[in-house]
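Q: Enclosed is the structure file data_39.cif (mmCIF, C-alpha atoms).
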```cif
data_structure
#
loop_
_atom_site.label_atom_id
_atom_site.label_comp_id
_atom_site.auth_asym_id
_atom_site.auth_seq_id
_atom_site.Cartn_x
_atom_site.Cartn_y
_atom_site.Cartn_z
CA MET A 1 8.67 13.20 -3.13
CA LYS A 2 8.51 16.80 -4.31
CA PHE A 3 10.82 18.90 -2.17
CA THR A 4 10.69 22.57 -3.15
CA SER A 5 14.18 23.38 -1.77
CA LEU A 6 16.98 24.25 -4.12
CA LEU A 7 18.10 21.17 -6.05
CA LEU A 8 21.81 21.60 -5.30
CA HIS A 9 21.17 21.94 -1.58
CA LYS A 10 19.02 18.82 -1.49
CA VAL A 11 21.49 16.75 -3.52
CA PHE A 12 24.35 17.88 -1.31
CA PHE A 13 22.43 17.13 1.83
CA SER A 14 21.32 13.73 0.57
CA LEU A 15 24.88 12.82 -0.35
CA CYS A 16 26.09 13.84 3.07
CA LEU A 17 23.60 11.53 4.75
CA PHE A 18 25.43 8.51 3.38
CA VAL A 19 29.00 9.56 2.83
CA PRO A 20 30.07 7.23 5.66
CA LEU A 21 28.86 4.34 3.50
CA LEU A 22 31.25 5.48 0.80
CA GLY A 23 34.25 5.64 3.09
CA ILE A 24 34.27 9.44 3.34
CA ALA A 25 34.36 11.28 6.65
CA GLN A 26 31.09 13.10 7.35
CA PRO A 27 31.51 16.90 7.73
CA SER A 28 30.95 18.11 11.27
CA PHE A 29 28.50 20.77 10.13
CA ILE A 30 25.93 18.32 8.73
CA LYS A 31 22.63 18.80 10.59
CA GLU A 32 20.42 16.04 11.95
CA ASP A 33 17.30 15.01 10.02
CA ARG A 34 15.50 12.62 12.33
CA ASP A 35 12.41 12.12 10.14
CA GLY A 36 14.45 11.55 6.96
CA ASP A 37 12.45 13.97 4.79
CA GLY A 38 15.56 15.75 3.49
CA VAL A 39 14.97 18.93 5.51
CA PRO A 40 17.47 19.29 8.38
CA ASP A 41 15.99 19.64 11.86
CA VAL A 42 17.57 23.07 12.25
CA ARG A 43 14.94 24.48 9.87
CA ASP A 44 12.36 21.67 9.90
CA LYS A 45 9.18 23.00 11.50
CA CYS A 46 7.63 19.53 11.29
CA PRO A 47 10.47 17.16 12.28
CA ASP A 48 8.12 14.20 12.81
CA THR A 49 6.94 13.58 9.24
CA ASP A 50 7.71 9.87 9.55
CA LYS A 51 5.71 9.50 12.79
CA ASN A 52 2.70 11.30 11.30
CA LEU A 53 2.67 8.97 8.29
CA ASN A 54 3.75 5.62 9.75
CA GLY A 55 0.74 3.34 10.18
CA GLN A 56 -1.52 5.57 8.07
CA GLU A 57 -3.09 4.44 4.81
CA PHE A 58 -2.66 6.05 1.38
CA LYS A 59 -5.05 5.49 -1.51
CA VAL A 60 -3.42 4.16 -4.69
CA GLU A 61 -5.13 3.98 -8.10
CA LEU A 62 -3.90 1.33 -10.55
CA GLU A 63 -5.64 0.83 -13.89
CA GLY A 64 -9.03 1.80 -12.52
CA LYS A 65 -8.69 -0.14 -9.24
CA SER A 66 -8.25 1.41 -5.79
CA TYR A 67 -5.95 0.08 -3.07
CA PHE A 68 -5.08 1.35 0.40
CA VAL A 69 -1.40 1.03 1.25
CA LYS A 70 -0.33 1.22 4.89
CA ILE A 71 2.82 3.35 5.18
CA ALA A 72 5.45 1.81 7.46
CA ASN A 73 8.89 3.08 8.51
CA ILE A 74 9.05 5.91 6.00
CA LYS A 75 12.52 7.03 7.13
CA LYS A 76 14.01 3.58 6.50
CA ASN A 77 12.28 3.46 3.10
CA PHE A 78 13.83 6.78 2.05
CA ASP A 79 17.24 5.94 3.50
CA GLU A 80 17.39 2.63 1.64
CA THR A 81 16.53 4.42 -1.63
CA ARG A 82 19.19 7.06 -1.05
CA ARG A 83 21.73 4.38 -0.21
CA LYS A 84 21.00 2.55 -3.46
CA PHE A 85 21.55 5.67 -5.56
CA LEU A 86 24.67 6.71 -3.66
CA LEU A 87 26.28 3.28 -3.87
CA GLU A 88 25.57 3.12 -7.60
CA ASN A 89 27.13 6.54 -8.14
CA SER A 90 30.15 5.49 -6.08
CA ARG A 91 30.60 2.40 -8.28
CA LEU A 92 30.24 4.50 -11.44
CA GLU A 93 32.85 6.99 -10.20
CA LYS A 94 35.32 4.15 -9.67
CA GLU A 95 34.64 2.83 -13.16
CA LYS A 96 35.15 6.28 -14.66
CA LYS A 97 38.42 6.71 -12.74
CA LEU A 98 39.75 3.44 -14.14
CA LEU A 99 38.97 4.62 -17.67
CA PHE A 100 40.80 7.89 -17.12
CA ASP A 101 43.73 6.14 -15.45
CA LYS A 102 44.37 4.25 -18.70
CA VAL A 103 45.31 7.54 -20.42
CA GLY A 104 46.91 9.39 -17.51
CA GLY A 105 43.93 11.22 -15.98
CA LYS A 106 40.99 13.42 -16.89
CA ALA A 107 43.19 15.93 -18.67
CA SER A 108 43.96 13.29 -21.30
CA ILE A 109 40.35 12.50 -22.18
CA ASP A 110 41.14 13.05 -25.90
CA LYS A 111 43.39 9.99 -25.79
CA LEU A 112 40.43 7.71 -24.95
CA ASP A 113 39.01 5.64 -27.76
CA GLU A 114 35.44 6.30 -28.90
CA LYS A 115 33.97 3.40 -26.92
CA ASP A 116 35.46 4.64 -23.61
CA ARG A 117 34.40 8.25 -24.27
CA GLN A 118 30.87 7.08 -24.90
CA ARG A 119 30.93 5.06 -21.68
CA ILE A 120 32.05 8.13 -19.69
CA ALA A 121 29.24 10.15 -21.27
CA ASP A 122 26.76 7.41 -20.29
CA ILE A 123 28.10 7.38 -16.72
CA ASP A 124 27.70 11.16 -16.44
CA THR A 125 24.10 10.86 -17.62
CA ILE A 126 23.30 8.10 -15.09
CA GLU A 127 24.95 10.01 -12.23
CA ALA A 128 23.02 13.17 -13.05
CA LYS A 129 19.78 11.19 -13.13
CA ASN A 130 20.54 9.58 -9.76
CA LYS A 131 21.34 12.95 -8.19
CA ALA A 132 18.03 14.33 -9.44
CA LEU A 133 16.22 11.29 -7.99
CA LEU A 134 17.93 11.88 -4.64
CA ALA A 135 16.30 15.30 -4.53
CA ASN A 136 12.89 13.96 -5.59
CA LEU A 137 12.37 10.82 -3.51
CA HIS A 138 9.09 8.91 -3.31
CA TYR A 139 7.89 6.31 -0.83
CA ILE A 140 8.07 2.90 -2.49
CA ALA A 141 5.27 0.44 -1.67
CA THR A 142 4.11 -2.92 -3.04
CA VAL A 143 0.49 -3.78 -3.83
CA THR A 144 -1.01 -6.95 -5.25
CA HIS A 145 -2.68 -5.95 -8.51
CA ASN A 146 -4.51 -8.54 -10.60
CA GLY A 147 -2.80 -11.26 -8.58
CA LYS A 148 0.70 -9.92 -9.12
CA PRO A 149 2.92 -7.71 -6.91
CA ARG A 150 3.38 -4.18 -8.26
CA GLN A 151 5.69 -1.49 -6.92
CA VAL A 152 4.14 1.97 -6.69
CA GLU A 153 5.62 5.36 -5.86
CA ILE A 154 3.77 7.50 -3.31
CA GLU A 155 4.47 11.21 -3.49
CA ILE A 156 4.90 12.76 -0.05
CA GLY A 157 5.28 16.47 -0.73
CA VAL A 158 6.84 18.31 2.23
CA ASP A 159 7.46 22.02 1.77
CA ASP A 160 10.68 23.98 2.33
CA PHE A 161 10.15 23.67 6.08
CA GLY A 162 9.48 19.93 6.12
CA CYS A 163 5.70 20.20 6.64
CA LEU A 164 2.86 18.34 4.95
CA PRO A 165 -0.47 19.97 4.00
CA ASP A 166 -3.11 19.48 6.74
CA ARG A 167 -6.03 21.77 5.99
CA ASP A 168 -8.23 20.69 8.93
CA GLY A 169 -5.33 20.99 11.39
CA ASP A 170 -5.94 17.65 13.13
CA GLY A 171 -2.36 16.42 12.85
CA VAL A 172 -3.21 13.91 10.10
CA PRO A 173 -1.71 15.05 6.75
CA ASP A 174 -4.18 15.49 3.89
CA MET A 175 -2.55 12.72 1.86
CA VAL A 176 -3.63 10.08 4.43
CA ASP A 177 -6.62 11.90 5.96
CA LYS A 178 -9.88 10.15 5.01
CA CYS A 179 -11.77 13.22 6.33
CA PRO A 180 -9.44 16.08 5.32
CA ASP A 181 -11.99 18.84 6.01
CA ASP A 182 -13.24 17.53 9.38
CA PRO A 183 -10.78 17.42 12.33
CA GLY A 184 -10.43 13.85 13.58
CA LYS A 185 -8.07 11.44 15.29
CA PRO A 186 -4.99 9.69 13.85
CA ILE A 187 -6.27 6.30 15.05
CA TYR A 188 -9.32 6.81 12.79
CA PHE A 189 -7.24 8.08 9.85
CA GLY A 190 -8.30 11.67 10.46
CA CYS A 191 -11.99 10.83 11.00
CA ASN A 192 -14.10 10.21 14.12
CA ASP A 193 -16.13 7.36 15.59
CA ARG A 194 -18.16 8.95 18.38
CA ASP A 195 -20.15 5.83 19.29
CA GLY A 196 -17.17 3.44 19.07
CA ASP A 197 -18.93 0.90 16.84
CA GLY A 198 -16.09 0.68 14.32
CA ILE A 199 -18.07 2.56 11.66
CA LEU A 200 -16.58 6.00 11.10
CA ASP A 201 -18.95 8.92 11.58
CA HIS A 202 -18.97 9.97 7.91
CA GLU A 203 -20.23 6.47 6.98
CA ASP A 204 -22.44 6.01 10.07
CA ALA A 205 -26.18 6.68 9.73
CA CYS A 206 -26.43 6.76 13.57
CA PRO A 207 -23.07 8.26 14.67
CA ASP A 208 -24.14 8.66 18.32
CA GLU A 209 -25.56 5.15 18.82
CA PHE A 210 -23.58 1.93 18.79
CA GLY A 211 -24.84 -0.02 15.79
CA LEU A 212 -24.28 -2.78 13.27
CA LYS A 213 -22.42 -2.56 10.02
CA GLU A 214 -25.27 -4.22 8.12
CA LEU A 215 -27.60 -1.48 9.46
CA LYS A 216 -25.22 1.32 8.42
CA GLY A 217 -24.14 1.90 12.01
CA CYS A 218 -27.60 1.94 13.53
CA PRO A 219 -28.66 -0.35 16.41
CA ASP A 220 -30.96 -3.33 16.08
CA LYS A 221 -33.97 -2.43 18.23
CA GLY A 222 -35.53 -5.89 18.16
CA LEU A 223 -35.21 -8.96 20.38
CA GLY A 224 -34.70 -11.51 17.60
CA ASP A 225 -32.08 -14.25 17.74
CA LYS A 226 -31.61 -15.57 14.21
CA ASP A 227 -28.92 -18.12 15.05
CA LYS A 228 -30.71 -19.30 18.24
CA ASP A 229 -27.54 -19.17 20.34
CA GLY A 230 -29.05 -17.31 23.28
CA THR A 231 -27.54 -13.92 22.40
CA ILE A 232 -30.14 -11.57 20.88
CA ASP A 233 -29.17 -10.11 17.51
CA ARG A 234 -28.64 -6.57 18.76
CA ASP A 235 -25.98 -7.83 21.20
CA ASP A 236 -24.65 -10.56 18.87
CA LEU A 237 -21.48 -9.73 16.94
CA CYS A 238 -22.17 -12.80 14.76
CA PRO A 239 -25.99 -12.83 14.49
CA THR A 240 -26.09 -15.57 11.83
CA VAL A 241 -23.46 -17.88 13.36
CA PRO A 242 -24.00 -19.55 16.77
CA GLY A 243 -21.50 -18.82 19.52
CA PRO A 244 -21.31 -18.53 23.33
CA LYS A 245 -22.53 -15.45 25.18
CA SER A 246 -19.05 -15.05 26.67
CA ASN A 247 -17.79 -14.20 23.15
CA LYS A 248 -20.73 -11.99 22.17
CA GLY A 249 -22.47 -14.76 20.27
CA CYS A 250 -19.49 -15.62 18.06
CA PRO A 251 -17.51 -18.87 17.74
CA GLU A 252 -14.45 -19.05 20.00
CA LEU A 253 -11.13 -18.45 18.21
CA VAL A 254 -8.92 -18.65 21.29
CA THR A 255 -7.34 -21.48 23.25
CA ASN A 256 -8.10 -22.06 26.93
CA ASP A 257 -4.82 -20.38 27.92
CA GLN A 258 -5.63 -17.38 25.75
CA LYS A 259 -9.14 -17.25 27.22
CA LYS A 260 -7.62 -16.96 30.72
CA ILE A 261 -5.55 -13.97 29.57
CA ILE A 262 -8.68 -12.32 28.12
CA GLU A 263 -10.57 -12.92 31.38
CA GLN A 264 -7.72 -11.33 33.37
CA ALA A 265 -7.54 -8.40 30.95
CA SER A 266 -11.27 -7.75 31.43
CA LYS A 267 -10.48 -6.93 35.07
CA VAL A 268 -7.80 -4.40 34.10
CA LEU A 269 -7.24 -1.79 36.81
CA PHE A 270 -7.89 1.97 36.53
CA GLU A 271 -7.31 4.88 38.85
CA SER A 272 -10.35 5.37 41.08
CA GLY A 273 -13.16 7.17 39.26
CA LYS A 274 -10.92 7.80 36.23
CA ALA A 275 -10.09 6.26 32.86
CA ASP A 276 -6.35 6.27 33.57
CA LEU A 277 -4.83 2.79 33.46
CA ARG A 278 -2.82 1.86 36.52
CA PRO A 279 0.84 0.87 35.86
CA GLU A 280 0.24 -2.74 36.91
CA SER A 281 -2.27 -3.10 34.05
CA SER A 282 0.50 -2.98 31.44
CA TYR A 283 1.58 -6.59 31.95
CA ILE A 284 -1.78 -8.19 31.22
CA LEU A 285 -2.59 -5.78 28.37
CA ASP A 286 0.74 -6.63 26.73
CA GLN A 287 -0.30 -10.28 26.93
CA LEU A 288 -3.71 -9.40 25.44
CA ALA A 289 -2.03 -7.66 22.49
CA GLN A 290 0.05 -10.79 21.88
CA VAL A 291 -3.11 -12.94 21.96
CA ILE A 292 -4.63 -10.70 19.25
CA PHE A 293 -1.49 -11.03 17.11
CA ASP A 294 -1.44 -14.82 17.56
CA VAL A 295 -5.14 -15.24 16.75
CA THR A 296 -4.77 -13.00 13.70
CA ASN A 297 -1.83 -15.06 12.43
CA LYS A 298 -3.84 -18.25 12.85
CA HIS A 299 -7.32 -17.20 11.69
CA GLY A 300 -6.73 -14.14 9.51
CA LYS A 301 -8.27 -10.73 10.17
CA VAL A 302 -10.23 -10.45 13.39
CA ARG A 303 -12.48 -7.93 15.10
CA VAL A 304 -11.81 -7.03 18.72
CA ARG A 305 -14.77 -5.69 20.68
CA LEU A 306 -14.21 -3.78 23.95
CA GLU A 307 -17.18 -2.97 26.19
CA GLY A 308 -16.77 -0.87 29.31
CA HIS A 309 -19.02 -1.42 32.38
CA THR A 310 -19.25 0.14 35.83
CA ASP A 311 -20.99 -0.48 39.14
CA ASP A 312 -23.99 1.66 40.17
CA VAL A 313 -22.06 4.12 42.35
CA GLY A 314 -22.52 7.61 40.92
CA SER A 315 -24.91 9.04 38.35
CA ASP A 316 -26.01 7.10 35.27
CA GLU A 317 -24.60 9.80 33.00
CA ASN A 318 -21.17 9.85 34.66
CA ASN A 319 -20.96 6.05 34.71
CA LEU A 320 -21.81 5.85 31.01
CA GLU A 321 -19.09 8.34 30.13
CA LEU A 322 -16.58 6.63 32.44
CA SER A 323 -17.28 3.20 30.91
CA ARG A 324 -16.77 4.56 27.39
CA ASN A 325 -13.54 6.30 28.33
CA ARG A 326 -12.15 3.19 30.05
CA ALA A 327 -12.87 0.99 27.04
CA GLN A 328 -11.26 3.62 24.83
CA ALA A 329 -8.19 3.69 27.10
CA VAL A 330 -7.73 -0.06 26.62
CA ARG A 331 -8.20 0.38 22.86
CA GLU A 332 -5.55 3.09 22.65
CA TYR A 333 -3.14 0.95 24.67
CA LEU A 334 -3.58 -1.93 22.20
CA LEU A 335 -3.12 0.40 19.21
CA ASN A 336 0.12 1.69 20.70
CA LYS A 337 1.28 -1.93 20.82
CA GLY A 338 0.69 -2.27 17.07
CA VAL A 339 -2.83 -3.73 16.93
CA ASP A 340 -4.64 -2.63 13.75
CA ALA A 341 -6.80 0.44 14.49
CA LEU A 342 -9.66 -0.62 12.24
CA SER A 343 -9.95 -4.05 13.88
CA VAL A 344 -10.71 -2.74 17.39
CA SER A 345 -13.94 -1.04 18.44
CA SER A 346 -14.87 0.21 21.89
CA THR A 347 -18.00 1.42 23.63
CA GLY A 348 -19.46 1.68 27.12
CA PHE A 349 -22.71 0.74 28.82
CA GLY A 350 -22.19 2.31 32.23
CA GLU A 351 -24.11 0.43 34.93
CA ALA A 352 -26.75 -0.96 32.52
CA LYS A 353 -25.40 -4.52 32.23
CA PRO A 354 -24.30 -5.82 35.66
CA ILE A 355 -23.12 -9.41 36.04
CA ALA A 356 -23.36 -9.38 39.83
CA GLU A 357 -25.29 -7.66 42.62
CA ASN A 358 -24.19 -4.09 43.35
CA ALA A 359 -25.17 -4.51 47.01
CA THR A 360 -21.73 -5.84 48.04
CA PRO A 361 -18.15 -4.65 47.42
CA GLU A 362 -17.41 -7.99 45.73
CA GLY A 363 -20.36 -7.60 43.36
CA ARG A 364 -19.43 -4.03 42.48
CA GLN A 365 -15.87 -5.13 41.75
CA LYS A 366 -17.13 -7.74 39.27
CA ASN A 367 -19.30 -5.15 37.54
CA ARG A 368 -16.33 -2.81 37.02
CA ARG A 369 -14.90 -4.46 33.90
CA VAL A 370 -14.06 -4.19 30.21
CA ASP A 371 -15.58 -7.14 28.34
CA ILE A 372 -13.40 -8.36 25.47
CA ALA A 373 -14.45 -10.42 22.47
CA ILE A 374 -12.25 -11.54 19.58
CA VAL A 375 -14.18 -12.66 16.52
CA SER A 376 -13.43 -13.42 12.89
CA GLN A 377 -14.02 -10.77 10.25
#
```
Write the structure described by the file as structure tokens, please.

A:
Amino acid sequence: MKFTSLLLHKVFFSLCLFVPLLGIAQPSFIKEDRDGDGVPDVRDKCPDTDKNLNGQEFKVELEGKSYFVKIANIKKNFDETRRKFLLENSRLEKEKKLLFDKVGGKASIDKLDEKDRQRIADIDTIEAKNKALLANLHYIATVTHNGKPRQVEIEIGVDDFGCLPDRDGDGVPDMVDKCPDDPGKPIYFGCNDRDGDGILDHEDACPDEFGLKELKGCPDKGLGDKDKDGTIDRDDLCPTVPGPKSNKGCPELVTNDQKKIIEQASKVLFESGKADLRPESSYILDQLAQVIFDVTNKHGKVRVRLEGHTDDVGSDENNLELSRNRAQAVREYLLNKGVDALSVSSTGFGEAKPIAENATPEGRQKNRRVDIAIVSQ
């Protein structure tokens, strides 16, 4: 990590972070650094560096191959590195003291034999190197390259005031922003997905229409059903593999108990006429997040499809917008619980796809829903 602050200040500050580990009382004037970037909060204009980077992906190039590394718990990563250097320097200082004690202290260095003098010189070199590394920390990540794990250093690059470059001002630092010149959302790695089809706008040939990946984000306008499962291809998340309509034409990955949780979650409650989740919705959505984690652990990467629907009360336009916003609200809740952002897509159909008559309160209640499908990637 390239910090542009004065080297001595950074080394001193880094040492002070871990002096308790070395059995030394921490000075009362040491300032807090809650994001761990080496710039104390008292002058850190961006004290949430770790939060802005955690969960984001950084592109790594290794011998002509590209990898995306998800950054996790950056503060802990830095702190563990600092601790390693500080503990090594503490051990070296004790070794050096023992060498000097043999001849009565540092003032009697000339009495040391050549081997011990050389060892002290080596220790000084190692300590100086460690202190320099403390002021130039990198995030350490592991990637699998050619079938073998490789450790890579990721340069962070905060300035004197603890801030990262962000030229489009969207809150996603340039180093992890996949659209650094177009303001976007953190959940889309600095990009946008207006139609909620899981294909980011800069890769989507039809960014305002929900579409299919194989059609570059454009919708299938036909009525074909290649796999003959009763779900037409344009509505089928798995158009070449048969599956039930209840799971958008894809094979079921969930158990009966998990299916019951998904059915309950589809009836999640919102404030009237709004996309704000009601507090009592948290319980079932927490269970839904756990189902996604469990299915992922069992079957590998999955796609989660959220479709918002409304009754026919109100204008078509308002209902379409409301259904999209409600599906997005569920998506954001799941992301906040740790579900992978790129595995969840959301969209809305307004009142266009009722499952019951809108003539009765009971029918309208059934039509107000967020359909949920979990399918294999």

Q: Which residues would end up in the selection if the PyMOL selection byres ((chain A and resi 309) around 9) were applied here, given that I need the answer as a PDB file with C-alpha atoms, in the frame of the given file?

A:
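Full text of expr-v2.pdb as output:
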```
ATOM      1  CA  GLU A 307     -17.180  -2.970  26.190  1.00  0.00           C
ATOM      2  CA  GLY A 308     -16.770  -0.870  29.310  1.00  0.00           C
ATOM      3  CA  THR A 310     -19.250   0.140  35.830  1.00  0.00           C
ATOM      4  CA  ASP A 311     -20.990  -0.480  39.140  1.00  0.00           C
ATOM      5  CA  ASN A 319     -20.960   6.050  34.710  1.00  0.00           C
ATOM      6  CA  LEU A 320     -21.810   5.850  31.010  1.00  0.00           C
ATOM      7  CA  LEU A 322     -16.580   6.630  32.440  1.00  0.00           C
ATOM      8  CA  SER A 323     -17.280   3.200  30.910  1.00  0.00           C
ATOM      9  CA  ARG A 324     -16.770   4.560  27.390  1.00  0.00           C
ATOM     10  CA  ARG A 326     -12.150   3.190  30.050  1.00  0.00           C
ATOM     11  CA  ALA A 327     -12.870   0.990  27.040  1.00  0.00           C
ATOM     12  CA  GLY A 348     -19.460   1.680  27.120  1.00  0.00           C
ATOM     13  CA  PHE A 349     -22.710   0.740  28.820  1.00  0.00           C
ATOM     14  CA  GLY A 350     -22.190   2.310  32.230  1.00  0.00           C
ATOM     15  CA  GLU A 351     -24.110   0.430  34.930  1.00  0.00           C
ATOM     16  CA  ALA A 352     -26.750  -0.960  32.520  1.00  0.00           C
ATOM     17  CA  LYS A 353     -25.400  -4.520  32.230  1.00  0.00           C
ATOM     18  CA  PRO A 354     -24.300  -5.820  35.660  1.00  0.00           C
ATOM     19  CA  ASN A 367     -19.300  -5.150  37.540  1.00  0.00           C
ATOM     20  CA  ARG A 368     -16.330  -2.810  37.020  1.00  0.00           C
ATOM     21  CA  ARG A 369     -14.900  -4.460  33.900  1.00  0.00           C
ATOM     22  CA  VAL A 370     -14.060  -4.190  30.210  1.00  0.00           C
ATOM     23  CA  ASP A 371     -15.580  -7.140  28.340  1.00  0.00           C
TER      24      ASP A 371
END
```

Q: Could you list the residues chosen by the PyMOL selection byres ((chain A and resi 145-148) around 9) in this structure as a ChimeraX atom specification?

A: /A:62,65,67,143-144,149-150

Q: Pick out the closest residue to Gly169 of chain A from this set: A:Gly157, A:Phe293, A:Pro186, A:Lys102. Count all atoms listed in the file.

A: A:Pro186

Q: Could you tell me how far atom CA of Ile374 of chain A sits from atom CA of Val295 of chain A, in Å to one decimal place?

A: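 Going from atom CA of Val295 of chain A over to atom CA of Ile374 of chain A covers 8.5 Å.
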
Q: Excluding Lys94 of chain A and any residue of its chain fewer than 6 positions from it, enumerate the residues within 12 Å of it, using all atoms listed in the file, and give them as a PyMOL selection string.

A: chain A and resi 22+87-88+100-101+120+123
